[in-house]
Amino acid sequence: MDFKLVSDYAPMGDQPEAIEQLVGAIRHGSKHNVLLGVTGSGKTFTVANVIAQLNRPTLVLSHNKTLAAQLYGEFKNFFPENAVEYFVSYYDYYQPEAYLPSTDTYIEKDLSINADIEKMRLQTVATLLSGRRDVVVVSSVSCLYGAGNPADFHATAIHIEVGQVVSYKHFLYKLVEALYTRTERELLPATFRVNGDTVDIMAAFGEFGNQCFRVMFFDNEIEAIQSIDPATGQRIQTLDSLTLYPTNLFVTTKERINTAVQQIYLDLGKQIEFFEKQGRMVEAQRIKQRVEYDLEMIKEIGYCPGIENYSRYFDGRAAGTRPFCLIDYFPKDYLMVVDESHVTLPQVHAMYGGDRARKENLVEYGFRLPAAKDNRPLTFAEFEQLQGTSIYVSATPADWELMKSEGVIVEQLIRPTGLVDPPLEVRVTLNQIDDLIEEIDKRVKNDDKVLVTTITKRMAEELSKYFDRVGVRNRYIHSDVDTLERIQILEDLRNGLFDVLVGVNLLREGLDLPEVALVAILDADKEGFLRNVRSLTQIAGRAARHAQGNVILYADTCTESMRQTIEQSNRRREKQVRFNMEHGMLPRRAQRSGSGPSTLLAGQQGETPKVDLTAYPIVEEHYATAADVQHDYTATTAGENLDALIDKAREEMERAAKSLDFLAAAKFRDRMYELQKLREENRSKQYSR
């Protein structure tokens with residue numbers, strides 16, 4: 001199936017030229033290409049057009065989960081009839097296994113896995129192995145970490161058809177090999193239940209996630225396959241065939257398990273001998289106890305905690321060779337889009353070193369076999385070897401991608417909305433918070449939003465607490481906030497549940513926030529990673545989607561980075577204003593390019609929004625307006641029934657929330673609280689009499 005791009009808009013500004021240049025360069029064999037586009041110029045829409053024209057499976061690489069979620073929502077809207085998948089780290093919290101020799105401290109691995117994201121990762125792999133070509137995978141750099149062997153994952157998949165002759169017992173064994181768990185109780189995802197010649201299976205993820213299937217046998221022939229209601233067992237649909245994929249990326253065949261176990265025993269013996277020759281009996285006993293325990297679990301159930309540390313054996317790889325990763329599941333002619341490449345590529349560069357240092361200690365002191373070092377992220381050289389044809393997308397591309405592109409640089413400086421870069425204003429830090437609150441009040445009166453960036457997490461939290469005390473509706477966001485919670489915070493900002501978002505380094509690249517009219521940068525003169533030219537340019541770009549966007553840099557000195565950022569902004573503004581005058585364009589506020597992360601959030605609830613409901617105004621005929629409630633509230637002085645008015649406000653709040661109009665719901669909620677407070681005051685007066 002070919003890609004089918006769906007959009008209400010056609011390419012505008014310099015988008016048509018950028019699309020033509022990129023498609024032409026790639027078709028003529030250019031492997032490295034740079035799309036230099038200012039914030040709000042529609043780089044994602046340009047890339048979507050390039051994908052549609054090239055018609056290749058595409059990996060979109062992003063540097064953080066929040067931006068990856070937004071890109072997932074946008075591509076999901078651009079390609080509603082194609083496969084758009086989401087692949088990020090499934091850890092909400094992750095404390096890696098480590099050993100500190102200086103204090104003789106062993107830190108056990110501790111983690112919290114997000115089951116919904118794990119399902120989406122498995123669905124990504126299943127889609128790629130299905131043979132589809134119309135696939136876009138939006139991923140964080142976690143796609144470069146070790147994954148299972150694609151051949152084993154595909155071999156462990158179970159495909160059955162009606163009329164197929166297959167041993168009943170062999171089918172059950174295949175389910176166990178795919179890491180499905182047998183149960184006699186309620187079916188949960190990745191479990192199955194046997195009742196005579198009938199097997200009920202709850203699929204693990206994806207299209208069939210949380211769906212239950214019944215496979216009925218007649219002797220050793222599959223008589224029927226049905227999708228059923230897991231609660232009642234009632235038939236929903238009759239199927240001709242069914243494919244069930246493994247429930248874990250690190251899955252392998254029984255033959256490979258037997259071979260791997262033998263090799264692990266051999267390497268364990270060598271490592272014990274190595275420690276004993278050095279007189280390190282504690283380490284020898286430690287490695288013997290830990291590995292033998294893992295092997296017993298692997299032999300019994302085919303899996304153990306930390307099985308990824310033995311991935312080299314199960315993959316059949318030689319020592320020192322790279323692990324498999326998500327890129328191995330793509331065909332060779334795939335397209336890679338590196339979003340915000342100036343941040344993403346340095347992340348790729350740094351991953352290997354940190355992982356290696358930690359593993360060295362674990363191996364040296366008998367906590368892991370040397371093979372654990374081969375369960376690792378790719379080195380940058382290995383990443384380069386696996387790269388397909390690449391497009392580096394950034395408003396501030398770094399030297400590496402500029403060098404690799406060899407002059408294939410496509411500029412996109414004109415916004416389809418006619419908006420120009422926001423003006424940058426420098427203000428002294430004296431009384432900066434009071435000045436900032438005054439500016440926030442101006443924006444809140446116009447129902448606009450504000451971003452404030454600080455230099456540390458602690459400062460972000462303390463500033464958020466201060467805003468709470470002075471009555472500014474706000475939230476903070478940084479790397480300690482859970483993945484899906486970050487996405488929900490951004491959705492709440494867009495939906496008007498608060499006015500100010502305080503952050504450190506997440507409020508930079510790519511966030512699609514047309515509601516933001518002001519970006520305030522605290523400590524703008526603290527020269528460094530968070531306040532260099534690229535950082536300041538990216539932070540300022542968050543106000544570029546608003547017609548009255550403005551950026552305030554609070555600083556006592558003008559650093560070289562600040563000077564260059566202001567000069568670049570002025571140069572772009574001049575070019576954008578000239579283009580608008582020549583073409584008679586009037587700047588207009590940008591619209592969200594899709595449902596953004598709400599698509600992902602809705603997906604976790606089994607829903608797929610077809611339209612951007614968050615942009616809808618209050619529909620008066622559906623429920624009462626806030627003015628009606630205010631009238632009711634005022635009328636209570638005349639002795640109307642407060643209980644009835646409270647119930648009415650609650651009903652309107654619930655109706656607004658079901659319609660996804662959270663701003664109206666918040667107003668009705670506040671009215672309900674006011675009425676409840678008034679009722680309590682009236683009761684207090686009656687008791688006092």
# chains A, B, ... in the order shown; residues from 1 in each chain; ligands from 1
$ residues_around --residues "range 195-198 of chain A" --least-positions-apart "5" --cutoff "7 Å" --atoms "only C-alpha atoms" --output "number ranges by chain"
A: 214-217
$ closest_atom_pairs --of "range 281-393 of chain A" --to "range 241-265 of chain A" --cutoff "7 Å" --atoms "only C-alpha atoms" --output "JSON lines"
{"residue": "A:Leu295", "atom": "CA", "partner": "A:Val261", "partner_atom": "CA", "distance": 6.8}
{"residue": "A:Glu308", "atom": "CA", "partner": "A:Phe250", "partner_atom": "CA", "distance": 6.8}
{"residue": "A:Tyr313", "atom": "CA", "partner": "A:Ala260", "partner_atom": "CA", "distance": 4.9}
{"residue": "A:Phe314", "atom": "CA", "partner": "A:Ala260", "partner_atom": "CA", "distance": 5.5}
$ residues_around --residues "range 26-28 of chain A" --least-positions-apart "4" --cutoff "9 Å" --atoms "only C-alpha atoms" --output "MDAnalysis selection string"
chainID A and resid 21:22 32:33 54 389:390
$ residues_around --residues "range 36-42 of chain A" --least-positions-apart "2" --cutoff "8 Å" --atoms "only C-alpha atoms" --output "PyMOL selection string"
chain A and resi 15+34+44-46+393-397+409-416+510+512+538+541-542+544-545+590
$ write_last_selection --atoms "N, CA, C and O atoms" --output "tab-separated table (two decimals), in the first residue's frame"
chain	number	residue	atom	x	y	z
A	15	GLN	N	7.74	26.08	1.28
A	15	GLN	CA	7.59	24.63	1.42
A	15	GLN	C	7.65	23.90	0.08
A	15	GLN	O	8.35	22.88	-0.02
A	34	VAL	N	20.08	18.17	4.66
A	34	VAL	CA	19.70	19.03	5.79
A	34	VAL	C	18.51	19.89	5.41
A	34	VAL	O	18.51	20.53	4.35
A	44	THR	N	7.51	19.60	9.68
A	44	THR	CA	6.89	18.28	9.74
A	44	THR	C	6.02	18.03	8.52
A	44	THR	O	6.01	16.93	7.95
A	45	PHE	N	5.27	19.06	8.09
A	45	PHE	CA	4.43	18.92	6.89
A	45	PHE	C	5.30	18.72	5.65
A	45	PHE	O	4.96	17.93	4.76
A	46	THR	N	6.43	19.41	5.59
A	46	THR	CA	7.36	19.23	4.47
A	46	THR	C	7.87	17.80	4.43
A	46	THR	O	7.89	17.15	3.38
A	393	VAL	N	16.71	17.43	10.26
A	393	VAL	CA	15.76	18.54	10.36
A	393	VAL	C	16.10	19.36	11.60
A	393	VAL	O	16.16	18.82	12.71
A	394	SER	N	16.32	20.65	11.43
A	394	SER	CA	16.65	21.50	12.56
A	394	SER	C	16.58	22.97	12.15
A	394	SER	O	16.82	23.31	10.99
A	395	ALA	N	16.25	23.81	13.13
A	395	ALA	CA	16.34	25.26	12.90
A	395	ALA	C	17.78	25.73	13.12
A	395	ALA	O	18.16	26.81	12.66
A	396	THR	N	18.56	24.90	13.83
A	396	THR	CA	19.95	25.25	14.13
A	396	THR	C	20.84	24.03	13.93
A	396	THR	O	21.36	23.47	14.91
A	397	PRO	N	21.02	23.54	12.70
A	397	PRO	CA	21.82	22.34	12.47
A	397	PRO	C	23.26	22.51	12.96
A	397	PRO	O	23.83	23.60	12.88
A	409	ILE	N	21.78	21.57	1.49
A	409	ILE	CA	21.09	22.23	2.60
A	409	ILE	C	19.88	22.96	2.04
A	409	ILE	O	20.01	23.84	1.18
A	410	VAL	N	18.72	22.58	2.52
A	410	VAL	CA	17.47	23.20	2.05
A	410	VAL	C	16.97	24.13	3.13
A	410	VAL	O	16.70	23.70	4.25
A	411	GLU	N	16.84	25.41	2.81
A	411	GLU	CA	16.36	26.40	3.78
A	411	GLU	C	14.86	26.58	3.67
A	411	GLU	O	14.29	26.60	2.58
A	412	GLN	N	14.21	26.74	4.84
A	412	GLN	CA	12.77	26.97	4.90
A	412	GLN	C	12.54	28.02	5.98
A	412	GLN	O	12.35	27.71	7.14
A	413	LEU	N	12.55	29.27	5.57
A	413	LEU	CA	12.50	30.39	6.51
A	413	LEU	C	11.16	31.10	6.53
A	413	LEU	O	10.88	31.87	7.44
A	414	ILE	N	10.33	30.86	5.53
A	414	ILE	CA	9.04	31.55	5.43
A	414	ILE	C	7.94	30.66	5.99
A	414	ILE	O	7.80	29.50	5.59
A	415	ARG	N	7.16	31.21	6.89
A	415	ARG	CA	6.07	30.45	7.49
A	415	ARG	C	4.81	30.58	6.64
A	415	ARG	O	4.47	31.68	6.19
A	416	PRO	N	4.09	29.48	6.43
A	416	PRO	CA	2.84	29.55	5.66
A	416	PRO	C	1.82	30.51	6.27
A	416	PRO	O	0.95	31.02	5.57
A	510	GLY	N	10.83	21.86	18.82
A	510	GLY	CA	9.72	21.20	18.17
A	510	GLY	C	8.35	21.28	18.79
A	510	GLY	O	7.38	20.93	18.15
A	512	ASP	N	4.79	22.08	19.54
A	512	ASP	CA	3.79	22.81	18.76
A	512	ASP	C	2.81	23.46	19.72
A	512	ASP	O	1.83	22.85	20.15
A	538	GLN	N	16.24	28.06	19.88
A	538	GLN	CA	15.16	27.09	19.97
A	538	GLN	C	14.12	27.49	21.00
A	538	GLN	O	12.91	27.37	20.76
A	541	GLY	N	11.96	30.20	19.74
A	541	GLY	CA	11.06	29.73	18.69
A	541	GLY	C	9.72	29.26	19.19
A	541	GLY	O	8.76	29.14	18.41
A	542	ARG	N	9.59	28.99	20.49
A	542	ARG	CA	8.28	28.54	21.01
A	542	ARG	C	7.23	29.64	20.92
A	542	ARG	O	6.04	29.36	21.03
A	544	ALA	N	7.04	31.60	18.26
A	544	ALA	CA	6.97	31.97	16.84
A	544	ALA	C	5.66	31.57	16.18
A	544	ALA	O	5.43	31.91	15.01
A	545	ARG	N	4.79	30.85	16.89
A	545	ARG	CA	3.53	30.43	16.29
A	545	ARG	C	2.37	31.35	16.68
A	545	ARG	O	1.22	31.05	16.38
A	590	ALA	N	-0.87	30.53	14.07
A	590	ALA	CA	-0.73	29.16	13.58
A	590	ALA	C	-1.77	28.26	14.22
A	590	ALA	O	-2.19	28.46	15.36
$ residues_around --residues "range 420-433 of chain A" --least-positions-apart "2" --cutoff "6 Å" --atoms "only C-alpha atoms" --output "list in words"
Asp435, Leu436, Ala544, Gly549, Asn550, Val551, Ile552, Leu553, Tyr554, Ala555, Asp556, Arg573 and Gln576 of chain A
$ write_last_selection --atoms "N, CA, C and O atoms" --output "PDB file, in the first residue's frame"
ATOM      1  N   ASP A 435       8.381  41.630  37.504  1.00  0.00           N
ATOM      2  CA  ASP A 435       8.183  42.055  36.114  1.00  0.00           C
ATOM      3  C   ASP A 435       7.549  40.931  35.297  1.00  0.00           C
ATOM      4  O   ASP A 435       6.645  41.166  34.483  1.00  0.00           O
ATOM      5  N   LEU A 436       8.005  39.709  35.543  1.00  0.00           N
ATOM      6  CA  LEU A 436       7.473  38.558  34.813  1.00  0.00           C
ATOM      7  C   LEU A 436       5.992  38.348  35.124  1.00  0.00           C
ATOM      8  O   LEU A 436       5.181  38.087  34.221  1.00  0.00           O
ATOM      9  N   ALA A 544       7.035  31.604  18.258  1.00  0.00           N
ATOM     10  CA  ALA A 544       6.965  31.971  16.836  1.00  0.00           C
ATOM     11  C   ALA A 544       5.660  31.569  16.175  1.00  0.00           C
ATOM     12  O   ALA A 544       5.430  31.911  15.014  1.00  0.00           O
ATOM     13  N   GLY A 549       3.576  37.028  19.422  1.00  0.00           N
ATOM     14  CA  GLY A 549       4.624  36.364  20.169  1.00  0.00           C
ATOM     15  C   GLY A 549       5.747  37.310  20.569  1.00  0.00           C
ATOM     16  O   GLY A 549       6.126  38.210  19.806  1.00  0.00           O
ATOM     17  N   ASN A 550       6.260  37.112  21.771  1.00  0.00           N
ATOM     18  CA  ASN A 550       7.321  37.975  22.287  1.00  0.00           C
ATOM     19  C   ASN A 550       8.249  37.139  23.166  1.00  0.00           C
ATOM     20  O   ASN A 550       7.819  36.186  23.804  1.00  0.00           O
ATOM     21  N   VAL A 551       9.539  37.496  23.185  1.00  0.00           N
ATOM     22  CA  VAL A 551      10.534  36.782  23.987  1.00  0.00           C
ATOM     23  C   VAL A 551      11.260  37.791  24.867  1.00  0.00           C
ATOM     24  O   VAL A 551      11.725  38.822  24.381  1.00  0.00           O
ATOM     25  N   ILE A 552      11.338  37.490  26.156  1.00  0.00           N
ATOM     26  CA  ILE A 552      12.061  38.358  27.097  1.00  0.00           C
ATOM     27  C   ILE A 552      13.239  37.576  27.661  1.00  0.00           C
ATOM     28  O   ILE A 552      13.065  36.484  28.211  1.00  0.00           O
ATOM     29  N   LEU A 553      14.434  38.124  27.513  1.00  0.00           N
ATOM     30  CA  LEU A 553      15.638  37.535  28.075  1.00  0.00           C
ATOM     31  C   LEU A 553      16.041  38.346  29.303  1.00  0.00           C
ATOM     32  O   LEU A 553      16.385  39.526  29.179  1.00  0.00           O
ATOM     33  N   TYR A 554      15.976  37.734  30.467  1.00  0.00           N
ATOM     34  CA  TYR A 554      16.373  38.420  31.695  1.00  0.00           C
ATOM     35  C   TYR A 554      17.866  38.200  31.908  1.00  0.00           C
ATOM     36  O   TYR A 554      18.329  37.059  32.093  1.00  0.00           O
ATOM     37  N   ALA A 555      18.637  39.288  31.854  1.00  0.00           N
ATOM     38  CA  ALA A 555      20.092  39.183  31.955  1.00  0.00           C
ATOM     39  C   ALA A 555      20.671  40.524  32.387  1.00  0.00           C
ATOM     40  O   ALA A 555      20.074  41.579  32.145  1.00  0.00           O
ATOM     41  N   ASP A 556      21.848  40.477  32.996  1.00  0.00           N
ATOM     42  CA  ASP A 556      22.549  41.704  33.391  1.00  0.00           C
ATOM     43  C   ASP A 556      23.666  42.050  32.429  1.00  0.00           C
ATOM     44  O   ASP A 556      24.180  43.171  32.432  1.00  0.00           O
ATOM     45  N   ARG A 573      13.712  38.024  10.473  1.00  0.00           N
ATOM     46  CA  ARG A 573      12.536  38.893  10.494  1.00  0.00           C
ATOM     47  C   ARG A 573      12.497  39.796   9.266  1.00  0.00           C
ATOM     48  O   ARG A 573      11.435  39.997   8.657  1.00  0.00           O
ATOM     49  N   GLN A 576      11.430  37.722   6.280  1.00  0.00           N
ATOM     50  CA  GLN A 576      10.030  37.311   6.377  1.00  0.00           C
ATOM     51  C   GLN A 576       9.082  38.482   6.117  1.00  0.00           C
ATOM     52  O   GLN A 576       8.059  38.325   5.433  1.00  0.00           O
TER      53      GLN A 576
END
$ closest_residue --among "A:Ala10, A:Asp267, A:Arg56, A:Asn361" --to "Thr105 in chain A" --atoms "only C-alpha atoms"
A:Asn361
$ select_by_dssp --residues "range 122-362 of chain A" --states "helix (DSSP H, G or I)" --output "ChimeraX atom specification"
/A:122-129,141-144,150-156,168-177,206-208,254-277,281-301,307-315,326-329,341-362
$ write_last_selection --atoms "C-alpha atoms" --output "mmCIF file, in the first residue's frame"
data_model
loop_
_atom_site.group_PDB
_atom_site.id
_atom_site.type_symbol
_atom_site.label_atom_id
_atom_site.label_comp_id
_atom_site.auth_asym_id
_atom_site.auth_seq_id
_atom_site.Cartn_x
_atom_site.Cartn_y
_atom_site.Cartn_z
ATOM 1 C CA LEU A 122 5.810 -4.680 20.182
ATOM 2 C CA GLN A 123 3.230 -3.442 17.709
ATOM 3 C CA THR A 124 5.959 -1.464 15.924
ATOM 4 C CA VAL A 125 8.086 -4.565 15.478
ATOM 5 C CA ALA A 126 5.116 -6.649 14.357
ATOM 6 C CA THR A 127 4.146 -4.035 11.753
ATOM 7 C CA LEU A 128 7.672 -3.886 10.342
ATOM 8 C CA LEU A 129 7.853 -7.679 10.084
ATOM 9 C CA VAL A 141 17.038 7.123 20.645
ATOM 10 C CA SER A 142 15.942 3.983 22.510
ATOM 11 C CA CYS A 143 15.617 2.398 19.057
ATOM 12 C CA LEU A 144 19.441 2.137 19.080
ATOM 13 C CA PRO A 150 14.392 -10.139 14.032
ATOM 14 C CA ALA A 151 14.625 -13.681 12.626
ATOM 15 C CA ASP A 152 13.795 -15.215 16.013
ATOM 16 C CA PHE A 153 10.948 -12.784 16.655
ATOM 17 C CA HIS A 154 9.444 -13.650 13.284
ATOM 18 C CA ALA A 155 10.043 -17.384 13.758
ATOM 19 C CA THR A 156 8.273 -17.349 17.130
ATOM 20 C CA TYR A 168 -3.096 -29.404 19.469
ATOM 21 C CA LYS A 169 -0.247 -29.851 21.965
ATOM 22 C CA HIS A 170 2.230 -28.283 19.530
ATOM 23 C CA PHE A 171 -0.007 -25.207 19.301
ATOM 24 C CA LEU A 172 0.016 -24.841 23.092
ATOM 25 C CA TYR A 173 3.794 -25.221 23.141
ATOM 26 C CA LYS A 174 4.077 -22.474 20.525
ATOM 27 C CA LEU A 175 2.025 -20.152 22.726
ATOM 28 C CA VAL A 176 4.343 -20.796 25.656
ATOM 29 C CA GLU A 177 7.416 -20.207 23.450
ATOM 30 C CA GLY A 206 -1.501 -3.821 18.734
ATOM 31 C CA GLU A 207 -4.480 -4.253 16.478
ATOM 32 C CA PHE A 208 -5.538 -7.275 18.506
ATOM 33 C CA LYS A 254 13.834 -23.503 21.813
ATOM 34 C CA GLU A 255 16.839 -24.644 19.790
ATOM 35 C CA ARG A 256 18.629 -21.347 20.369
ATOM 36 C CA ILE A 257 17.838 -21.529 24.088
ATOM 37 C CA ASN A 258 19.464 -24.963 24.384
ATOM 38 C CA THR A 259 22.545 -23.834 22.465
ATOM 39 C CA ALA A 260 22.763 -20.592 24.470
ATOM 40 C CA VAL A 261 22.467 -22.366 27.832
ATOM 41 C CA GLN A 262 25.365 -24.672 26.945
ATOM 42 C CA GLN A 263 27.544 -21.733 25.918
ATOM 43 C CA ILE A 264 26.643 -19.755 29.046
ATOM 44 C CA TYR A 265 27.712 -22.716 31.218
ATOM 45 C CA LEU A 266 31.050 -22.853 29.380
ATOM 46 C CA ASP A 267 31.679 -19.124 29.804
ATOM 47 C CA LEU A 268 30.590 -19.318 33.447
ATOM 48 C CA GLY A 269 33.214 -21.997 34.084
ATOM 49 C CA LYS A 270 35.896 -19.851 32.444
ATOM 50 C CA GLN A 271 34.947 -16.821 34.527
ATOM 51 C CA ILE A 272 34.929 -18.807 37.781
ATOM 52 C CA GLU A 273 38.360 -20.190 36.907
ATOM 53 C CA PHE A 274 39.586 -16.666 36.119
ATOM 54 C CA PHE A 275 38.546 -15.356 39.549
ATOM 55 C CA GLU A 276 39.878 -18.399 41.422
ATOM 56 C CA LYS A 277 43.318 -18.061 39.811
ATOM 57 C CA MET A 281 36.797 -16.318 45.855
ATOM 58 C CA VAL A 282 34.002 -13.867 46.680
ATOM 59 C CA GLU A 283 33.669 -12.850 43.027
ATOM 60 C CA ALA A 284 33.844 -16.500 41.909
ATOM 61 C CA GLN A 285 31.035 -17.532 44.245
ATOM 62 C CA ARG A 286 28.994 -14.466 43.334
ATOM 63 C CA ILE A 287 29.071 -15.043 39.567
ATOM 64 C CA LYS A 288 28.368 -18.784 40.021
ATOM 65 C CA GLN A 289 25.310 -18.178 42.180
ATOM 66 C CA ARG A 290 23.828 -15.411 40.017
ATOM 67 C CA VAL A 291 24.284 -17.070 36.621
ATOM 68 C CA GLU A 292 23.108 -20.521 37.727
ATOM 69 C CA TYR A 293 19.937 -18.978 39.138
ATOM 70 C CA ASP A 294 19.282 -17.183 35.823
ATOM 71 C CA LEU A 295 19.915 -20.370 33.851
ATOM 72 C CA GLU A 296 17.441 -22.362 35.918
ATOM 73 C CA MET A 297 14.754 -19.779 35.167
ATOM 74 C CA ILE A 298 15.628 -19.746 31.459
ATOM 75 C CA LYS A 299 15.417 -23.536 31.237
ATOM 76 C CA GLU A 300 12.119 -23.644 33.081
ATOM 77 C CA ILE A 301 10.193 -20.700 31.627
ATOM 78 C CA ILE A 307 17.815 -11.767 30.188
ATOM 79 C CA GLU A 308 19.011 -8.993 27.891
ATOM 80 C CA ASN A 309 22.475 -9.429 29.447
ATOM 81 C CA TYR A 310 22.628 -12.837 27.742
ATOM 82 C CA SER A 311 21.380 -11.543 24.394
ATOM 83 C CA ARG A 312 24.683 -12.297 22.653
ATOM 84 C CA TYR A 313 24.192 -16.025 23.259
ATOM 85 C CA PHE A 314 20.595 -16.079 22.079
ATOM 86 C CA ASP A 315 21.417 -14.012 18.999
ATOM 87 C CA LEU A 326 15.007 -1.609 15.812
ATOM 88 C CA ILE A 327 16.792 -0.484 12.619
ATOM 89 C CA ASP A 328 17.460 -4.159 11.813
ATOM 90 C CA TYR A 329 13.703 -4.609 11.402
ATOM 91 C CA SER A 341 19.381 16.788 14.695
ATOM 92 C CA HIS A 342 21.573 19.231 16.610
ATOM 93 C CA VAL A 343 20.328 17.607 19.848
ATOM 94 C CA THR A 344 19.495 14.073 18.731
ATOM 95 C CA LEU A 345 22.859 13.175 17.181
ATOM 96 C CA PRO A 346 24.912 14.175 20.251
ATOM 97 C CA GLN A 347 22.631 11.886 22.282
ATOM 98 C CA VAL A 348 23.426 9.022 19.922
ATOM 99 C CA HIS A 349 27.131 9.849 20.280
ATOM 100 C CA ALA A 350 27.080 9.726 24.085
ATOM 101 C CA MET A 351 25.034 6.577 24.752
ATOM 102 C CA TYR A 352 27.737 3.960 24.354
ATOM 103 C CA GLY A 353 30.323 5.448 26.739
ATOM 104 C CA GLY A 354 28.076 5.694 29.796
ATOM 105 C CA ASP A 355 26.733 2.183 29.364
ATOM 106 C CA ARG A 356 30.235 0.727 28.910
ATOM 107 C CA ALA A 357 31.649 2.292 32.092
ATOM 108 C CA ARG A 358 28.844 0.827 34.205
ATOM 109 C CA LYS A 359 29.127 -2.660 32.692
ATOM 110 C CA GLU A 360 32.908 -2.794 33.211
ATOM 111 C CA ASN A 361 32.473 -2.675 36.992
ATOM 112 C CA LEU A 362 29.705 -5.292 36.996
#
$ select_by_dssp --residues "range 331-459 of chain A" --states "strand (DSSP E)" --output "PyMOL selection string"
chain A and resi 335-339+389-394+409-412+424-427+449-453
$ write_last_selection --atoms "N, CA, C and O atoms" --output "compact mmCIF listing (two decimals), in the first residue's frame"
# COMPACT_ATOMS: atom_id res chain seq x y z
N LEU A 335 14.00 5.27 4.91
CA LEU A 335 14.36 6.67 5.03
C LEU A 335 14.44 7.03 6.51
O LEU A 335 13.54 6.70 7.28
N MET A 336 15.53 7.71 6.91
CA MET A 336 15.67 8.15 8.30
C MET A 336 15.52 9.67 8.36
O MET A 336 16.21 10.39 7.63
N VAL A 337 14.65 10.13 9.23
CA VAL A 337 14.47 11.56 9.47
C VAL A 337 14.93 11.84 10.90
O VAL A 337 14.34 11.33 11.85
N VAL A 338 16.00 12.62 11.05
CA VAL A 338 16.53 12.95 12.37
C VAL A 338 15.99 14.31 12.77
O VAL A 338 16.45 15.35 12.28
N ASP A 339 14.96 14.30 13.60
CA ASP A 339 14.34 15.56 14.00
C ASP A 339 15.19 16.26 15.05
O ASP A 339 15.72 15.62 15.96
N THR A 389 19.15 6.51 3.84
CA THR A 389 19.11 7.88 3.35
C THR A 389 18.51 8.76 4.45
O THR A 389 17.46 8.44 5.00
N SER A 390 19.19 9.86 4.77
CA SER A 390 18.82 10.63 5.96
C SER A 390 18.50 12.08 5.64
O SER A 390 19.11 12.68 4.75
N ILE A 391 17.53 12.61 6.39
CA ILE A 391 17.20 14.04 6.36
C ILE A 391 17.38 14.56 7.78
O ILE A 391 16.75 14.07 8.72
N TYR A 392 18.26 15.54 7.95
CA TYR A 392 18.50 16.14 9.26
C TYR A 392 17.67 17.43 9.34
O TYR A 392 17.89 18.37 8.58
N VAL A 393 16.71 17.43 10.26
CA VAL A 393 15.76 18.54 10.36
C VAL A 393 16.10 19.36 11.60
O VAL A 393 16.16 18.82 12.71
N SER A 394 16.32 20.65 11.43
CA SER A 394 16.65 21.50 12.56
C SER A 394 16.58 22.97 12.15
O SER A 394 16.82 23.31 10.99
N ILE A 409 21.78 21.57 1.49
CA ILE A 409 21.09 22.23 2.60
C ILE A 409 19.88 22.96 2.04
O ILE A 409 20.01 23.84 1.18
N VAL A 410 18.72 22.58 2.52
CA VAL A 410 17.47 23.20 2.05
C VAL A 410 16.97 24.13 3.13
O VAL A 410 16.70 23.70 4.25
N GLU A 411 16.84 25.41 2.81
CA GLU A 411 16.36 26.40 3.78
C GLU A 411 14.86 26.58 3.67
O GLU A 411 14.29 26.60 2.58
N GLN A 412 14.21 26.74 4.84
CA GLN A 412 12.77 26.97 4.90
C GLN A 412 12.54 28.02 5.98
O GLN A 412 12.35 27.71 7.14
N LEU A 424 12.98 39.87 20.22
CA LEU A 424 13.71 39.51 21.43
C LEU A 424 14.05 40.76 22.22
O LEU A 424 14.65 41.70 21.68
N GLU A 425 13.65 40.78 23.49
CA GLU A 425 13.86 41.94 24.34
C GLU A 425 14.70 41.53 25.55
O GLU A 425 14.42 40.52 26.20
N VAL A 426 15.73 42.31 25.87
CA VAL A 426 16.59 42.03 27.01
C VAL A 426 16.20 42.95 28.17
O VAL A 426 16.09 44.17 27.99
N ARG A 427 15.99 42.36 29.35
CA ARG A 427 15.65 43.13 30.55
C ARG A 427 16.58 42.73 31.70
O ARG A 427 16.99 41.57 31.79
N LYS A 449 -1.03 31.88 26.56
CA LYS A 449 -0.21 31.07 27.46
C LYS A 449 1.23 31.58 27.50
O LYS A 449 1.68 32.27 26.59
N VAL A 450 1.95 31.16 28.56
CA VAL A 450 3.31 31.64 28.80
C VAL A 450 4.22 30.46 29.13
O VAL A 450 3.83 29.56 29.88
N LEU A 451 5.42 30.47 28.56
CA LEU A 451 6.46 29.52 28.93
C LEU A 451 7.57 30.25 29.66
O LEU A 451 7.98 31.33 29.25
N VAL A 452 8.06 29.66 30.74
CA VAL A 452 9.18 30.23 31.50
C VAL A 452 10.25 29.15 31.60
O VAL A 452 9.98 28.05 32.08
N THR A 453 11.47 29.45 31.16
CA THR A 453 12.55 28.48 31.24
C THR A 453 13.57 28.91 32.28
O THR A 453 14.00 30.07 32.30
$ residues_around --residues "Tyr94 in chain A" --least-positions-apart "5" --cutoff "9 Å" --atoms "only C-alpha atoms" --output "NGL selection string"
:A and (109-113)
$ atom_distance --atom1 "CA of Gln95 in chain A" --atom2 "CA of Pro305 in chain A"
14.2 Å
$ residues_around --residues "range 584-586 of chain A" --least-positions-apart "4" --cutoff "10 Å" --atoms "only C-alpha atoms" --output "PyMOL selection string"
chain A and resi 416-419+547+577-580
